[in-house]
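Dropping entry13.cif in here (mmCIF, C-alpha atoms):
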```
data_coords
#
loop_
_atom_site.label_atom_id
_atom_site.label_comp_id
_atom_site.auth_asym_id
_atom_site.auth_seq_id
_atom_site.Cartn_x
_atom_site.Cartn_y
_atom_site.Cartn_z
CA MET A 1 -28.99 -22.57 35.95
CA THR A 2 -26.56 -25.46 36.39
CA PRO A 3 -24.76 -25.19 39.76
CA PHE A 4 -20.95 -25.07 39.77
CA ALA A 5 -18.77 -26.85 42.26
CA ALA A 6 -16.39 -24.46 43.99
CA SER A 7 -13.44 -26.67 43.08
CA GLU A 8 -14.34 -26.32 39.38
CA LEU A 9 -14.36 -22.54 39.61
CA ALA A 10 -11.09 -22.19 41.50
CA PRO A 11 -7.92 -21.46 39.50
CA MET A 12 -5.86 -24.45 38.43
CA GLY A 13 -3.50 -25.57 41.17
CA SER A 14 -5.26 -23.57 43.90
CA SER A 15 -7.76 -24.50 46.60
CA MET A 16 -10.58 -22.58 48.26
CA ASP A 17 -8.24 -21.95 51.20
CA ASP A 18 -5.77 -20.32 48.81
CA LEU A 19 -8.50 -17.90 47.71
CA ARG A 20 -9.74 -17.00 51.21
CA PRO A 21 -8.08 -13.53 51.07
CA PHE A 22 -10.08 -12.75 47.91
CA ARG A 23 -13.34 -13.81 49.55
CA GLU A 24 -12.71 -11.95 52.83
CA HIS A 25 -11.81 -8.72 51.07
CA LEU A 26 -14.74 -8.98 48.66
CA GLU A 27 -17.21 -9.62 51.49
CA GLY A 28 -16.09 -6.38 53.11
CA THR A 29 -16.35 -4.52 49.81
CA ILE A 30 -19.82 -5.90 49.10
CA SER A 31 -21.01 -4.98 52.60
CA ARG A 32 -19.89 -1.40 52.07
CA GLY A 33 -21.60 -1.36 48.67
CA ARG A 34 -24.88 -2.59 50.17
CA SER A 35 -24.86 0.20 52.74
CA MET A 36 -24.85 2.88 50.03
CA GLY A 37 -28.46 3.86 50.66
CA ASP A 38 -32.08 3.08 49.86
CA ASN A 39 -31.34 2.32 46.21
CA GLY A 40 -28.98 -0.44 47.24
CA SER A 41 -31.58 -1.97 49.56
CA ALA A 42 -34.30 -1.89 46.91
CA GLU A 43 -31.91 -3.38 44.43
CA GLU A 44 -31.02 -6.17 46.82
CA LYS A 45 -34.68 -6.95 47.31
CA SER A 46 -35.27 -7.05 43.57
CA LEU A 47 -32.51 -9.61 43.25
CA SER A 48 -34.09 -11.92 45.81
CA GLY A 49 -36.35 -13.49 43.20
CA ASP A 50 -33.59 -13.74 40.61
CA PRO A 51 -31.49 -16.95 40.39
CA TRP A 52 -28.37 -14.75 40.22
CA GLY A 53 -29.45 -13.12 43.46
CA GLN A 54 -29.43 -16.53 45.15
CA LEU A 55 -25.70 -16.94 44.46
CA GLY A 56 -23.22 -16.19 47.20
CA ASP A 57 -20.75 -13.40 46.52
CA ASP A 58 -17.78 -15.74 46.23
CA MET A 59 -19.59 -17.91 43.63
CA LEU A 60 -20.63 -14.79 41.69
CA VAL A 61 -17.02 -13.63 41.66
CA TYR A 62 -15.76 -16.93 40.20
CA ILE A 63 -18.39 -16.83 37.43
CA LEU A 64 -17.85 -13.20 36.42
CA ALA A 65 -14.08 -13.60 36.54
CA ARG A 66 -14.29 -16.03 33.61
CA LEU A 67 -15.85 -13.51 31.22
CA PRO A 68 -13.99 -12.02 28.22
CA LEU A 69 -13.28 -8.30 28.01
CA SER A 70 -16.44 -6.89 26.42
CA PRO A 71 -19.07 -8.87 28.41
CA LEU A 72 -17.20 -8.08 31.63
CA LYS A 73 -17.37 -4.37 30.90
CA ALA A 74 -21.14 -4.66 30.38
CA CYS A 75 -21.54 -6.66 33.61
CA LYS A 76 -20.00 -3.82 35.60
CA GLN A 77 -23.10 -1.76 34.71
CA VAL A 78 -25.77 -4.34 35.65
CA CYS A 79 -26.24 -3.40 39.29
CA LYS A 80 -24.39 -2.02 42.30
CA ARG A 81 -23.68 -5.49 43.63
CA TRP A 82 -21.97 -6.62 40.42
CA GLN A 83 -20.14 -3.32 40.19
CA ALA A 84 -18.85 -3.71 43.75
CA VAL A 85 -17.78 -7.31 43.09
CA THR A 86 -15.84 -6.48 39.92
CA ASN A 87 -14.26 -3.16 40.95
CA THR A 88 -11.60 -4.54 43.31
CA PRO A 89 -7.90 -5.33 42.86
CA GLU A 90 -8.58 -8.89 44.03
CA PHE A 91 -11.16 -9.41 41.28
CA ASP A 92 -8.68 -8.09 38.69
CA ILE A 93 -6.12 -10.66 39.83
CA LEU A 94 -8.68 -13.47 39.68
CA HIS A 95 -9.84 -12.34 36.24
CA LYS A 96 -6.26 -12.55 34.99
CA GLN A 97 -6.13 -16.15 36.22
CA LEU A 98 -9.54 -17.30 34.99
CA GLY A 99 -10.59 -14.87 32.27
CA GLU A 100 -10.67 -15.85 28.63
CA GLN A 101 -7.43 -14.79 26.93
CA GLN A 102 -7.82 -13.51 23.38
CA PRO A 103 -5.26 -11.98 21.02
CA ARG A 104 -6.01 -8.28 20.74
CA LEU A 105 -5.10 -5.39 18.53
CA VAL A 106 -4.29 -2.27 20.55
CA CYS A 107 -4.20 1.27 19.12
CA TYR A 108 -2.53 3.85 21.33
CA ARG A 109 -3.20 7.44 20.26
CA THR A 110 -0.47 9.70 21.61
CA ASN A 111 -0.80 13.37 22.49
CA HIS A 112 2.71 14.86 22.47
CA LEU A 113 1.61 18.11 24.11
CA VAL A 114 -0.30 16.64 27.06
CA ARG A 115 0.68 12.99 27.55
CA SER A 116 -2.07 12.40 30.10
CA LYS A 117 -4.59 12.90 27.30
CA SER A 118 -3.26 10.03 25.20
CA GLN A 119 -5.80 7.22 24.74
CA ALA A 120 -5.60 3.47 24.21
CA PHE A 121 -8.20 1.23 22.55
CA ALA A 122 -8.34 -2.56 22.29
CA TYR A 123 -10.28 -4.33 19.56
CA ASP A 124 -12.55 -7.01 21.02
CA GLU A 125 -13.05 -9.86 18.54
CA GLU A 126 -16.18 -11.19 20.25
CA SER A 127 -18.20 -7.97 20.14
CA ARG A 128 -16.26 -6.59 17.12
CA THR A 129 -15.97 -3.21 18.78
CA TRP A 130 -13.20 -1.00 20.17
CA VAL A 131 -12.97 -0.88 23.98
CA THR A 132 -11.41 2.11 25.72
CA LEU A 133 -8.55 1.11 28.01
CA PRO A 134 -7.25 2.84 31.13
CA PRO A 135 -4.42 5.37 30.58
CA MET A 136 -1.05 3.83 29.74
CA GLN A 137 1.68 5.64 31.66
CA PHE A 138 4.81 5.45 29.54
CA PRO A 139 8.13 6.35 31.14
CA SER A 140 9.94 9.34 29.65
CA HIS A 141 11.04 8.73 26.06
CA ASN A 142 11.93 10.50 22.83
CA HIS A 143 8.98 11.58 20.70
CA GLY A 144 8.64 9.30 17.72
CA SER A 145 10.55 6.40 19.27
CA LEU A 146 7.42 4.71 20.63
CA ALA A 147 6.58 1.75 18.40
CA GLY A 148 4.97 -1.67 18.31
CA ALA A 149 6.93 -4.76 17.34
CA SER A 150 6.62 -8.52 17.26
CA GLY A 151 5.98 -9.44 20.90
CA LEU A 152 6.51 -6.06 22.55
CA VAL A 153 5.87 -2.32 22.54
CA TYR A 154 8.91 -0.16 23.17
CA ALA A 155 10.41 3.32 23.26
CA ILE A 156 13.90 4.77 23.56
CA ALA A 157 14.40 6.85 26.70
CA GLY A 158 15.13 10.58 26.75
CA PRO A 159 17.96 12.47 25.00
CA GLY A 160 21.42 11.18 25.90
CA ASP A 161 19.96 8.38 28.00
CA ASN A 162 19.72 5.81 25.20
CA LYS A 163 17.94 3.16 27.21
CA LEU A 164 15.25 0.88 25.82
CA THR A 165 11.98 0.89 27.74
CA TYR A 166 9.64 -1.92 26.74
CA LYS A 167 6.68 -4.03 27.73
CA LEU A 168 6.09 -7.61 26.60
CA THR A 169 2.85 -8.01 24.67
CA ARG A 170 3.04 -11.75 24.11
CA SER A 171 3.43 -14.47 26.68
CA PRO A 172 2.64 -18.20 26.51
CA SER A 173 1.97 -18.52 30.22
CA SER A 174 1.94 -15.26 32.20
CA PRO A 175 -1.53 -14.00 33.23
CA SER A 176 -0.16 -10.64 34.38
CA SER A 177 -1.88 -7.50 33.19
CA PHE A 178 -0.36 -5.67 30.25
CA LEU A 179 -0.73 -2.32 31.98
CA GLU A 180 1.35 -3.15 35.04
CA THR A 181 5.09 -3.54 34.45
CA TRP A 182 7.60 -1.71 32.26
CA CYS A 183 11.12 -3.02 31.75
CA LYS A 184 14.04 -0.61 31.41
CA THR A 185 17.40 -1.74 30.09
CA PRO A 186 20.86 -0.35 30.80
CA VAL A 187 22.29 2.11 28.28
CA MET A 188 22.67 0.66 24.79
CA GLY A 189 26.07 0.73 23.14
CA PHE A 190 24.83 2.80 20.19
CA ALA A 191 22.48 5.76 19.86
CA ARG A 192 19.59 4.65 17.64
CA HIS A 193 16.64 6.04 15.72
CA ALA A 194 13.91 3.75 14.33
CA PRO A 195 15.71 0.39 14.74
CA VAL A 196 14.10 -2.97 14.05
CA VAL A 197 13.20 -4.59 17.39
CA SER A 198 12.02 -8.12 18.09
CA VAL A 199 11.91 -10.49 21.06
CA ALA A 200 12.66 -14.15 21.74
CA LEU A 201 10.58 -15.69 24.55
CA GLY A 202 11.37 -18.75 26.65
CA THR A 203 15.14 -18.27 26.72
CA GLY A 204 17.74 -19.11 29.36
CA ARG A 205 18.32 -22.20 31.47
CA THR A 206 14.86 -22.10 33.05
CA GLY A 207 13.02 -21.17 29.86
CA SER A 208 11.35 -18.21 31.58
CA GLY A 209 13.64 -15.49 30.26
CA HIS A 210 13.55 -13.44 27.08
CA LYS A 211 15.93 -11.63 24.76
CA VAL A 212 15.24 -8.32 23.05
CA VAL A 213 17.05 -7.87 19.72
CA VAL A 214 17.76 -4.37 18.37
CA ALA A 215 19.16 -4.07 14.84
CA GLY A 216 20.14 -1.02 12.80
CA GLY A 217 18.69 2.42 13.36
CA VAL A 218 22.11 3.97 14.03
CA PRO A 219 22.69 7.18 11.99
CA ASP A 220 24.85 6.61 8.90
CA TYR A 221 27.48 9.09 10.07
CA GLU A 222 28.11 7.04 13.23
CA PRO A 223 30.52 4.09 13.27
CA ASP A 224 28.89 0.65 13.26
CA HIS A 225 25.61 2.14 12.01
CA MET A 226 24.35 -1.40 11.30
CA ALA A 227 25.06 -2.62 14.84
CA VAL A 228 23.05 -5.47 16.38
CA GLU A 229 22.63 -5.69 20.17
CA VAL A 230 20.80 -8.28 22.26
CA PHE A 231 19.47 -7.64 25.78
CA ASP A 232 19.19 -10.72 27.98
CA SER A 233 16.55 -10.44 30.73
CA GLU A 234 18.36 -13.02 32.88
CA THR A 235 21.75 -11.26 32.90
CA GLY A 236 20.28 -7.74 32.65
CA ALA A 237 22.99 -6.75 30.16
CA TRP A 238 23.43 -5.93 26.47
CA GLU A 239 25.67 -7.98 24.22
CA VAL A 240 26.96 -6.82 20.83
CA TYR A 241 26.54 -9.28 17.94
CA ASP A 242 27.96 -9.12 14.42
CA PRO A 243 26.50 -6.13 12.51
CA LEU A 244 24.01 -6.42 9.69
CA PRO A 245 25.46 -7.64 6.37
CA ASP A 246 26.84 -5.03 3.95
CA GLU A 247 23.72 -5.26 1.76
CA PHE A 248 21.80 -3.37 4.47
CA SER A 249 24.12 -0.35 4.40
CA GLY A 250 22.17 2.86 3.89
CA SER A 251 18.84 1.21 4.66
CA SER A 252 19.24 0.25 8.30
CA SER A 253 15.97 1.52 9.79
CA ARG A 254 12.55 -0.02 10.25
CA LEU A 255 11.26 2.16 7.38
CA TRP A 256 13.27 0.02 4.95
CA MET A 257 13.77 -3.21 6.89
CA SER A 258 11.63 -5.92 8.40
CA GLY A 259 12.77 -8.36 11.06
CA VAL A 260 11.51 -11.08 13.37
CA VAL A 261 12.88 -13.70 15.77
CA CYS A 262 11.73 -17.19 14.81
CA ASP A 263 13.09 -20.55 16.04
CA ASN A 264 16.05 -18.94 17.86
CA LYS A 265 17.07 -17.09 14.70
CA LEU A 266 16.81 -13.45 13.68
CA TYR A 267 15.50 -12.97 10.14
CA MET A 268 16.13 -9.57 8.53
CA SER A 269 15.02 -8.37 5.11
CA LEU A 270 15.05 -5.25 2.95
CA ILE A 271 11.36 -4.89 2.21
CA HIS A 272 11.74 -3.62 -1.37
CA SER A 273 14.78 -5.52 -2.68
CA TRP A 274 14.00 -9.05 -1.42
CA THR A 275 17.35 -9.27 0.40
CA ILE A 276 16.92 -11.69 3.34
CA TYR A 277 19.52 -12.80 5.88
CA VAL A 278 19.30 -14.91 9.02
CA LEU A 279 21.38 -14.70 12.21
CA ASP A 280 21.60 -17.96 14.17
CA PHE A 281 21.89 -17.11 17.88
CA SER A 282 23.72 -20.34 18.62
CA THR A 283 26.47 -19.86 16.01
CA ARG A 284 26.23 -16.03 15.86
CA LYS A 285 26.76 -16.14 12.11
CA TRP A 286 24.81 -14.35 9.38
CA ALA A 287 23.81 -16.33 6.30
CA PRO A 288 21.78 -15.36 3.21
CA VAL A 289 18.34 -16.91 2.77
CA ARG A 290 17.95 -18.07 -0.82
CA LEU A 291 14.26 -17.79 -1.71
CA GLN A 292 12.73 -17.16 -5.10
CA ARG A 293 11.02 -13.80 -5.12
CA PRO A 294 7.24 -14.13 -5.60
CA ARG A 295 6.09 -12.91 -8.99
CA GLY A 296 4.89 -9.30 -9.01
CA LEU A 297 6.02 -8.60 -5.43
CA ILE A 298 6.35 -4.86 -4.76
CA TYR A 299 7.33 -4.94 -1.09
CA HIS A 300 6.97 -7.33 1.83
CA HIS A 301 7.24 -7.83 5.61
CA ILE A 302 8.40 -10.97 7.42
CA MET A 303 6.66 -12.30 10.52
CA ALA A 304 6.25 -15.53 12.49
CA ILE A 305 3.10 -17.53 13.26
CA ASN A 306 3.47 -20.41 15.72
CA GLY A 307 7.17 -20.85 14.96
CA THR A 308 6.77 -20.67 11.16
CA LEU A 309 8.25 -17.83 9.12
CA VAL A 310 5.53 -15.97 7.20
CA VAL A 311 5.87 -13.39 4.42
CA ALA A 312 3.09 -10.91 3.66
CA GLY A 313 3.43 -8.49 0.77
CA LEU A 314 1.84 -6.26 -1.80
CA CYS A 315 1.85 -7.75 -5.30
CA GLU A 316 1.03 -6.56 -8.79
CA GLN A 317 -1.20 -9.18 -10.42
CA SER A 318 -3.20 -9.45 -13.63
CA GLY A 319 -6.32 -8.27 -11.82
CA GLY A 320 -4.55 -5.39 -10.07
CA LYS A 321 -2.72 -5.06 -6.75
CA ALA A 322 -3.33 -7.53 -3.93
CA VAL A 323 -1.98 -8.58 -0.53
CA ASN A 324 -0.69 -12.15 -0.50
CA VAL A 325 0.56 -14.34 2.36
CA TRP A 326 3.19 -17.11 2.12
CA LYS A 327 4.73 -19.53 4.60
CA LEU A 328 8.28 -20.88 4.53
CA ASN A 329 8.72 -24.61 4.00
CA SER A 330 11.85 -25.18 6.08
CA GLN A 331 12.54 -28.54 4.42
CA THR A 332 12.41 -27.42 0.79
CA HIS A 333 13.45 -23.79 1.54
CA SER A 334 10.61 -22.53 -0.61
CA LEU A 335 7.56 -20.31 -0.12
CA ILE A 336 4.04 -21.74 -0.23
CA GLN A 337 1.17 -19.32 -0.80
CA VAL A 338 -1.32 -19.44 2.05
CA GLY A 339 -3.90 -16.98 0.84
CA SER A 340 -4.76 -13.66 -0.80
CA MET A 341 -6.84 -10.72 0.37
CA SER A 342 -9.99 -10.14 -1.66
CA GLY A 343 -10.11 -7.09 -3.89
CA GLU A 344 -13.10 -5.66 -2.02
CA VAL A 345 -11.26 -5.74 1.31
CA PHE A 346 -8.00 -4.49 -0.20
CA ALA A 347 -9.81 -1.48 -1.72
CA SER A 348 -10.30 -0.05 1.78
CA LEU A 349 -6.57 0.00 2.55
CA GLY A 350 -4.45 1.68 -0.11
CA PHE A 351 -0.86 0.85 -1.03
CA SER A 352 1.40 1.82 1.92
CA LEU A 353 0.78 -0.95 4.44
CA ASN A 354 2.10 -2.21 7.76
CA PHE A 355 1.57 -5.72 9.13
CA LEU A 356 1.20 -7.09 12.67
CA VAL A 357 0.66 -10.70 13.70
CA ASN A 358 -0.55 -12.28 16.94
CA GLU A 359 -1.05 -16.03 17.08
CA ASN A 360 -3.05 -16.81 13.91
CA LEU A 361 -4.43 -13.29 13.38
CA LEU A 362 -2.77 -11.01 10.83
CA PHE A 363 -3.59 -7.30 11.09
CA VAL A 364 -3.00 -5.04 8.08
CA PHE A 365 -3.33 -1.27 8.27
CA ARG A 366 -2.37 1.82 6.35
CA ALA A 367 1.05 3.21 7.18
CA TYR A 368 1.54 6.88 8.05
CA ILE A 369 -2.21 7.41 8.52
CA LYS A 370 -3.25 8.23 12.09
CA ASP A 371 -6.71 6.70 11.91
CA GLY A 372 -6.72 4.77 8.65
CA ALA A 373 -8.53 1.57 7.78
CA ARG A 374 -7.55 -1.71 9.45
CA VAL A 375 -8.13 -5.27 8.29
CA VAL A 376 -7.84 -8.53 10.21
CA GLY A 377 -7.19 -11.88 8.59
CA GLU A 378 -7.47 -15.29 10.21
CA VAL A 379 -4.59 -17.34 8.82
CA SER A 380 -4.55 -21.15 8.77
CA LEU A 381 -1.07 -22.36 7.85
CA GLU A 382 -2.16 -26.01 7.83
CA ASP A 383 -5.12 -25.55 5.49
CA CYS A 384 -3.49 -22.70 3.52
CA THR A 385 -6.52 -20.44 3.89
CA THR A 386 -7.14 -16.86 4.94
CA GLU A 387 -10.37 -15.06 5.91
CA TRP A 388 -10.38 -11.25 5.86
CA ARG A 389 -12.66 -8.51 7.06
CA VAL A 390 -12.45 -4.75 7.61
CA LEU A 391 -12.44 -3.52 11.22
CA PRO A 392 -14.57 -0.57 12.33
CA SER A 393 -12.58 2.65 12.52
CA VAL A 394 -11.14 3.71 15.84
CA SER A 395 -13.43 6.20 17.53
CA SER A 396 -12.64 9.81 16.68
CA LEU A 397 -14.07 10.96 20.01
CA GLY A 398 -11.76 12.23 22.74
CA TYR A 399 -8.70 14.43 22.75
CA ARG A 400 -6.65 15.38 19.73
CA PHE A 401 -3.71 13.10 19.02
CA ASP A 402 -0.46 13.35 17.08
CA THR A 403 0.49 9.76 16.29
CA MET A 404 -1.05 6.29 16.41
CA VAL A 405 1.00 3.36 17.73
CA THR A 406 -0.39 -0.09 16.95
CA PHE A 407 0.61 -3.42 18.48
CA CYS A 408 -0.82 -6.82 19.37
CA THR A 409 -1.08 -8.55 22.72
CA ASN A 410 -2.43 -11.79 24.16
CA ILE A 411 -1.79 -10.69 27.76
CA ASN A 412 -4.92 -9.89 29.76
CA ILE A 413 -6.27 -6.36 29.39
CA SER A 414 -9.13 -5.19 31.61
CA PRO A 415 -11.37 -2.21 30.72
#
```

Starting from the coordinates I provided, produce the structure as structure tokens.
Amino acid sequence: MTPFAASELAPMGSSMDDLRPFREHLEGTISRGRSMGDNGSAEEKSLSGDPWGQLGDDMLVYILARLPLSPLKACKQVCKRWQAVTNTPEFDILHKQLGEQQPRLVCYRTNHLVRSKSQAFAYDEESRTWVTLPPMQFPSHNHGSLAGASGLVYAIAGPGDNKLTYKLTRSPSSPSSFLETWCKTPVMGFARHAPVVSVALGTGRTGSGHKVVVAGGVPDYEPDHMAVEVFDSETGAWEVYDPLPDEFSGSSSRLWMSGVVCDNKLYMSLIHSWTIYVLDFSTRKWAPVRLQRPRGLIYHHIMAINGTLVVAGLCEQSGGKAVNVWKLNSQTHSLIQVGSMSGEVFASLGFSLNFLVNENLLFVFRAYIKDGARVVGEVSLEDCTTEWRVLPSVSSLGYRFDTMVTFCTNINISP
């Protein structure tokens, strides 16, 4: 095995002195693990002839901390020494700094009767399997308000409270664990049910803030039922923007609308009628987006991949129905087809579909089905290609569940 220099294994911008607290705590943990009994002693002896057994504990930590999710979970079962090394808060922190970050699809199965029995699963691309995650403790919220969106997962707090509770699921730089911190906003100006929610990252003077945009979802019998509010993480306050255009009247919920923040603009569309508007945050003005409707389009969703607006939709074609993907050419204001899902893959889905995107991965799954089929497509906007495959079904083992919430994240998740 090729030896590693300690400086190569240390996190970027840190020295071995910076990591001394990790090493000191781990040495104490390992010592306690080795005193667990005769099995531990025999195991230690068996490692003496193994090259891995010749490694010091600190070097072993730095190597294991670089592993992706699925191999790390397997390593925890190798021996008591490796289990002791990896089952510490300090190792978790180091793994968030050094571990391989991959975009992940997360399915959270909710049990409305006993919330502690809800379960979360992350799909691991490397092993192509679902990995069970630790329990996700959501703050109190209305049933049915929990949802995934572009860049976050969110819920609306209890009756009469009308606060948005959310967790960022996308971050260009933060290594923090997805399971750690929930954000809770002040009371929104309007009571909402099933609004469209999106997030803009890298906002503010320092570029480290974010803005959460909430559009529509206000009952029709309430005034300003198409209201748009923006929460600024730096000011900690909501700000009311101009409401949705009149064309959205009567359809202002996420069941009929699709929306995403892209390039400091909020794009909103009616998924069946091909009505698309854009709100520029700098001018605060709505403007129609004039795009020719793709031939045979039945319904669509709008998303963003690496700062480019992307449209995915169900189309009626000569060979039958198909899912197609387009990208927006901002210079010509036209759509360019990127790819189409093969008929064999599409046959596993059905016709009522939802779409999620994370980096260059596009996830498609059946709407309103708790444990329906899911498909992942790798999208190359530069080459105008897509590659699709069907994911294995989420395990049916475990407690009963009432709803399935699906979202994407590229923030570190540990099993």

Inset, instruction - Output the residue selection produced by the PyMOL selection byres ((chain A and resi 228-241) around 6) on the file above, formatted as a PyMOL selection string. - result: chain A and resi 209-215+227+242-243

Limited to C-alpha atoms, could you put the picked residues into a file as a compact mmCIF listing (two decimals), in the frame of the given file?
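As a result, selection28.txt now contains:
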```txt
# COMPACT_ATOMS: atom_id res chain seq x y z
CA GLY A 209 13.64 -15.49 30.26
CA HIS A 210 13.55 -13.44 27.08
CA LYS A 211 15.93 -11.63 24.76
CA VAL A 212 15.24 -8.32 23.05
CA VAL A 213 17.05 -7.87 19.72
CA VAL A 214 17.76 -4.37 18.37
CA ALA A 215 19.16 -4.07 14.84
CA ALA A 227 25.06 -2.62 14.84
CA ASP A 242 27.96 -9.12 14.42
CA PRO A 243 26.50 -6.13 12.51
```

Inset, instruction - Run the PyMOL selection byres ((chain A and resi 110) around 10) on the file and write out the hits as a list in words. - result: Cys107, Tyr108, Arg109, Asn111, His112, Leu113, Val114, Arg115, Ser116, Lys117, Ser118, Gln119, Ala120, His143, Gly144, Leu146, Tyr399, Arg400, Phe401, Asp402, Thr403, Met404 and Val405 of chain A

Excluding same-chain residues fewer than 3 positions from stretch 310-317 of chain A, what lies within 6 Å of it counting all atoms listed in the file, as an mmCIF file with C-alpha atoms, in the frame of the given file?
```
data_model
loop_
_atom_site.group_PDB
_atom_site.id
_atom_site.type_symbol
_atom_site.label_atom_id
_atom_site.label_comp_id
_atom_site.auth_asym_id
_atom_site.auth_seq_id
_atom_site.Cartn_x
_atom_site.Cartn_y
_atom_site.Cartn_z
ATOM 1 C CA GLY A 296 4.890 -9.300 -9.010
ATOM 2 C CA LEU A 297 6.020 -8.600 -5.430
ATOM 3 C CA ILE A 298 6.350 -4.860 -4.760
ATOM 4 C CA TYR A 299 7.330 -4.940 -1.090
ATOM 5 C CA HIS A 300 6.970 -7.330 1.830
ATOM 6 C CA HIS A 301 7.240 -7.830 5.610
ATOM 7 C CA ILE A 302 8.400 -10.970 7.420
ATOM 8 C CA MET A 303 6.660 -12.300 10.520
ATOM 9 C CA ALA A 304 6.250 -15.530 12.490
ATOM 10 C CA GLY A 320 -4.550 -5.390 -10.070
ATOM 11 C CA LYS A 321 -2.720 -5.060 -6.750
ATOM 12 C CA ALA A 322 -3.330 -7.530 -3.930
ATOM 13 C CA VAL A 323 -1.980 -8.580 -0.530
ATOM 14 C CA ASN A 324 -0.690 -12.150 -0.500
ATOM 15 C CA VAL A 325 0.560 -14.340 2.360
ATOM 16 C CA TRP A 326 3.190 -17.110 2.120
ATOM 17 C CA LYS A 327 4.730 -19.530 4.600
#
```

Inset, instruction - Using atom CA of A:Ala149 and atom CA of A:Arg254 as the two end points, give the distance in Å to one decimal. - result: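 So the two atoms, atom CA of A:Ala149 and atom CA of A:Arg254, lie 10.2 Å apart.
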
Inset, instruction - Quick one: pull the distance between atom CA of A:Val379 and atom CA of A:Lys265, Å, one decimal. - result: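 Atom CA of A:Lys265 lies 22.4 Å from atom CA of A:Val379.
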
Inset, instruction - State, in Å with one decimal place, the distance from atom CA of A:Gly151 to atom CA of A:Met136. - result: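 The value is 17.4 Å.
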
Can you write out as CSV which residues of stretch 256-325 of chain A fall within 12 Å of stretch 246-252 of chain A, alongside each residue's closest atom pair and its distance in Å to one decimal, counting all atoms listed in the file and ordering rows by chain and ascending residue number?
```
residue,atom,partner,partner_atom,distance
A:Trp256,CA,A:Ser251,CA,5.7
A:Met257,CA,A:Ser252,CA,6.6
A:Ser258,CA,A:Ser252,CA,9.8
A:Gly259,CA,A:Ser252,CA,11.1
A:Met268,CA,A:Phe248,CA,9.3
A:Ser269,CA,A:Phe248,CA,8.4
A:Leu270,CA,A:Phe248,CA,7.2
A:Ile271,CA,A:Ser251,CA,10.0
A:His272,CA,A:Ser251,CA,10.5
A:Ser273,CA,A:Glu247,CA,10.0
A:Trp274,CA,A:Glu247,CA,10.9
A:Thr275,CA,A:Glu247,CA,7.6
A:Ile276,CA,A:Glu247,CA,9.5
A:Tyr277,CA,A:Glu247,CA,9.6
A:Trp286,CA,A:Asp246,CA,11.0
A:Ala287,CA,A:Asp246,CA,11.9
A:Pro288,CA,A:Glu247,CA,10.4
```

Legend entry - Distance query A:Val357 at most 9 Å, all atoms listed in the file, self and fewer than 4 positions along chain excluded, as a PyMOL selection string: chain A and resi 150+303-305+361-364+407-408
